[in-house]
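K.L.:
Take a look at model-v3.tsv, TSV, C-alpha atoms:
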chain	number	residue	atom	x	y	z
A	1	VAL	CA	-0.53	-9.85	12.63
A	2	GLN	CA	2.36	-7.47	12.03
A	3	LEU	CA	2.88	-5.43	8.91
A	4	GLN	CA	6.25	-3.75	8.46
A	5	ALA	CA	6.35	-1.00	5.86
A	6	SER	CA	9.56	0.38	4.41
A	7	GLY	CA	10.89	2.31	1.45
A	8	GLY	CA	9.56	5.80	2.01
A	9	GLY	CA	11.67	8.90	1.64
A	10	LEU	CA	12.17	12.24	-0.03
A	11	VAL	CA	12.17	12.40	-3.81
A	12	GLN	CA	11.86	15.09	-6.45
A	13	ALA	CA	8.82	15.30	-8.68
A	14	GLY	CA	9.12	12.85	-11.53
A	15	GLY	CA	11.16	10.44	-9.47
A	16	SER	CA	10.39	6.94	-8.23
A	17	LEU	CA	10.12	5.08	-4.96
A	18	ARG	CA	9.34	1.50	-4.09
A	19	LEU	CA	7.48	0.70	-0.90
A	20	SER	CA	7.52	-2.75	0.61
A	21	CYS	CA	5.26	-4.32	3.22
A	22	ALA	CA	6.35	-7.47	5.01
A	23	ALA	CA	3.62	-9.48	6.71
A	24	SER	CA	4.19	-11.75	9.69
A	25	GLU	CA	1.74	-14.28	8.23
A	26	THR	CA	1.46	-15.89	4.85
A	27	LEU	CA	-0.45	-13.72	2.41
A	28	SER	CA	-2.88	-16.54	1.70
A	29	ARG	CA	-4.50	-15.77	5.06
A	30	PHE	CA	-5.66	-12.41	3.76
A	31	ASN	CA	-8.34	-11.75	1.19
A	32	VAL	CA	-6.80	-8.49	0.09
A	33	MET	CA	-3.66	-6.45	0.65
A	34	GLY	CA	-3.50	-2.75	0.05
A	35	TRP	CA	-1.66	0.52	0.35
A	36	TYR	CA	-3.38	3.60	1.72
A	37	ARG	CA	-2.06	7.10	2.17
A	38	GLN	CA	-2.93	10.06	4.32
A	39	ALA	CA	-1.90	13.57	3.40
A	40	PRO	CA	-1.81	16.34	6.02
A	41	GLY	CA	-5.32	17.50	6.80
A	42	LYS	CA	-6.92	14.84	4.63
A	43	GLN	CA	-8.60	11.51	5.20
A	44	ARG	CA	-6.80	8.27	4.59
A	45	GLU	CA	-7.48	7.02	1.08
A	46	LEU	CA	-6.94	3.79	-0.80
A	47	VAL	CA	-4.06	3.98	-3.26
A	48	ALA	CA	-3.95	0.41	-4.56
A	49	SER	CA	-5.05	-3.06	-3.58
A	50	ILE	CA	-4.37	-6.60	-4.68
A	51	SER	CA	-6.46	-9.67	-3.97
A	52	ARG	CA	-5.52	-13.33	-3.92
A	53	GLY	CA	-6.62	-13.60	-7.59
A	54	PRO	CA	-4.59	-11.50	-8.00
A	55	LYS	CA	-6.89	-8.69	-9.00
A	56	THR	CA	-5.59	-5.17	-8.66
A	57	THR	CA	-7.37	-1.87	-8.17
A	58	TYR	CA	-5.96	1.65	-8.22
A	59	ALA	CA	-7.10	5.12	-7.28
A	60	ASP	CA	-7.71	7.17	-10.41
A	61	SER	CA	-4.99	9.58	-9.38
A	62	VAL	CA	-2.27	6.91	-9.55
A	63	LYS	CA	-3.38	4.77	-12.48
A	64	GLY	CA	-0.58	4.31	-14.97
A	65	ARG	CA	2.04	5.49	-12.48
A	66	PHE	CA	1.84	3.05	-9.56
A	67	THR	CA	1.99	-0.74	-9.61
A	68	ILE	CA	1.12	-3.02	-6.73
A	69	SER	CA	2.49	-6.54	-6.61
A	70	ARG	CA	2.70	-9.41	-4.18
A	71	ASN	CA	5.30	-12.06	-3.46
A	72	ASN	CA	3.57	-14.93	-1.72
A	73	ALA	CA	6.81	-16.78	-1.02
A	74	LYS	CA	8.23	-13.78	0.86
A	75	SER	CA	4.89	-12.58	2.29
A	76	THR	CA	5.52	-9.11	0.91
A	77	VAL	CA	3.47	-6.59	-1.00
A	78	ASP	CA	5.26	-3.87	-2.91
A	79	LEU	CA	4.12	-0.57	-4.37
A	80	GLN	CA	6.23	0.75	-7.21
A	81	MET	CA	5.63	4.47	-7.59
A	82	ASN	CA	6.82	6.22	-10.73
A	83	SER	CA	6.40	9.76	-12.04
A	84	LEU	CA	5.77	10.98	-8.53
A	85	LYS	CA	3.97	14.25	-7.99
A	86	PRO	CA	3.88	16.59	-4.98
A	87	ASP	CA	0.25	15.50	-4.46
A	88	ASP	CA	1.53	11.99	-3.74
A	89	THR	CA	3.07	13.27	-0.51
A	90	GLY	CA	1.76	11.62	2.62
A	91	VAL	CA	2.13	8.77	5.05
A	92	TYR	CA	1.65	5.46	3.31
A	93	TYR	CA	0.13	2.58	5.24
A	94	CYS	CA	0.08	-1.09	4.44
A	95	ASN	CA	-3.23	-2.85	5.03
A	96	ALA	CA	-4.26	-6.49	5.18
A	97	GLY	CA	-7.89	-7.52	5.06
A	98	ARG	CA	-9.40	-10.80	6.13
A	99	VAL	CA	-13.01	-11.89	5.81
A	100	VAL	CA	-14.24	-13.68	8.91
A	101	VAL	CA	-17.59	-14.90	10.11
A	102	GLY	CA	-19.60	-11.84	10.99
A	103	GLY	CA	-17.47	-9.25	9.27
A	104	ASN	CA	-14.02	-8.17	8.21
A	105	LEU	CA	-10.75	-7.78	10.02
A	106	ASN	CA	-8.29	-5.08	9.01
A	107	PHE	CA	-4.66	-4.91	10.04
A	108	TRP	CA	-2.42	-1.86	9.61
A	109	GLY	CA	1.28	-1.25	9.41
A	110	GLN	CA	3.02	1.67	11.09
A	111	GLY	CA	3.20	3.89	8.01
A	112	THR	CA	6.09	5.23	6.00
A	113	GLN	CA	6.52	8.86	4.98
A	114	VAL	CA	6.70	9.78	1.30
A	115	THR	CA	7.59	13.36	0.46
A	116	VAL	CA	7.68	14.57	-3.13
A	117	SER	CA	9.25	17.97	-3.67
A	118	SER	CA	8.40	20.19	-6.62
Would you mind writing the structure in this file as structure tokens?
P.N.:
Amino acid sequence: VQLQASGGGLVQAGGSLRLSCAASETLSRFNVMGWYRQAPGKQRELVASISRGPKTTYADSVKGRFTISRNNAKSTVDLQMNSLKPDDTGVYYCNAGRVVVGGNLNFWGQGTQVTVSS
């Protein structure tokens, strides 16, 4: 499984970015898709996820500002990020999760840098 993330960049506080993750397999093969981020010196954290339902979940810090969506026909998952803050800076990773017999499988993209300047 390959996950190709794109859309990162440098933006001023209050600005917007849209991240996109293209999967090499149809999204129906995954139970959940998500975006994680890792800031310098911090652990990787879940930003948003979307299930097949689709049911969405968001970190408290991004609720009301970020929106995750999926396009099953294109096998893509996007993260629209509005009202960006310097605390949103980090490397953003696309994740795909699949439930299998005996456990879960997780697949990761290569990450895309998001830098929000104050």
K.L.:
Mind working out the centre and edge lengths of an axis-aligned box for region 81-88 of chain A, all listed atoms inside, 8 Å added to each side, rounded to one decimal in Å and written as AutoDock Vina command-line options?
P.N.:
--center_x 3.5 --center_y 10.5 --center_z -7.9 --size_x 22.6 --size_y 28.1 --size_z 24.3
K.L.:
With all atoms listed in the file as the basis for distance, which of A:Leu19, A:Ala13, A:Val1, A:Leu105 is at the shortest distance from Tyr93 (chain A)?
P.N.:
A:Leu19
K.L.:
Excluding Gln12 (chain A) and its own-chain neighbours fewer than 4 positions away, which residues fall within 12 Å of it when counting all atoms listed in the file? Please give them as a list in words.
P.N.:
Ser16, Leu17, Asn82, Ser83, Leu84, Lys85, Pro86, Asp87, Asp88, Thr89, Val114, Thr115, Val116, Ser117 and Ser118 of chain A
K.L.:
May I have the residues at most 9 Å from (-7.3, -1.8, -2.9) in the file's coordinates, counting all atoms listed in the file, as a short mmCIF file (atom, residue, chain, number, x, y, z; two decimals) with C-alpha atoms, keeping the file's coordinate frame?
P.N.:
data_model
loop_
_atom_site.label_atom_id
_atom_site.label_comp_id
_atom_site.auth_asym_id
_atom_site.auth_seq_id
_atom_site.Cartn_x
_atom_site.Cartn_y
_atom_site.Cartn_z
CA VAL A 32 -6.80 -8.49 0.09
CA MET A 33 -3.66 -6.45 0.65
CA GLY A 34 -3.50 -2.75 0.05
CA TRP A 35 -1.66 0.52 0.35
CA TYR A 36 -3.38 3.60 1.72
CA LEU A 46 -6.94 3.79 -0.80
CA VAL A 47 -4.06 3.98 -3.26
CA ALA A 48 -3.95 0.41 -4.56
CA SER A 49 -5.05 -3.06 -3.58
CA ILE A 50 -4.37 -6.60 -4.68
CA SER A 51 -6.46 -9.67 -3.97
CA THR A 56 -5.59 -5.17 -8.66
CA THR A 57 -7.37 -1.87 -8.17
CA TYR A 58 -5.96 1.65 -8.22
CA ALA A 59 -7.10 5.12 -7.28
CA ASN A 95 -3.23 -2.85 5.03
#
K.L.:
Using all atoms listed in the file, find all polymer residues with an atom at most 7 Å away from the point (6.8, -3.1, -0.5); report them as an mmCIF file with C-alpha atoms, in the coordinates of the input.
P.N.:
data_model
loop_
_atom_site.group_PDB
_atom_site.id
_atom_site.type_symbol
_atom_site.label_atom_id
_atom_site.label_comp_id
_atom_site.auth_asym_id
_atom_site.auth_seq_id
_atom_site.Cartn_x
_atom_site.Cartn_y
_atom_site.Cartn_z
ATOM 1 C CA ALA A 5 6.350 -1.000 5.860
ATOM 2 C CA SER A 6 9.560 0.380 4.410
ATOM 3 C CA ARG A 18 9.340 1.500 -4.090
ATOM 4 C CA LEU A 19 7.480 0.700 -0.900
ATOM 5 C CA SER A 20 7.520 -2.750 0.610
ATOM 6 C CA CYS A 21 5.260 -4.320 3.220
ATOM 7 C CA THR A 76 5.520 -9.110 0.910
ATOM 8 C CA VAL A 77 3.470 -6.590 -1.000
ATOM 9 C CA ASP A 78 5.260 -3.870 -2.910
ATOM 10 C CA LEU A 79 4.120 -0.570 -4.370
#
K.L.:
Which of these residues is nearest to Ser69 (chain A), using all atoms listed in the file: A:Tyr92, A:Leu27, A:Gly8, A:Ala39?
P.N.:
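Comparing A:Tyr92, A:Leu27, A:Gly8, A:Ala39 against Ser69 (chain A), the winner is A:Leu27.
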K.L.:
For a test of reading the model, state the distance in Å between CA of Pro40 (chain A) and CA of Thr112 (chain A), rounded to one decimal.
P.N.:
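Result for CA of Pro40 (chain A) versus CA of Thr112 (chain A): 13.6 Å, one decimal.
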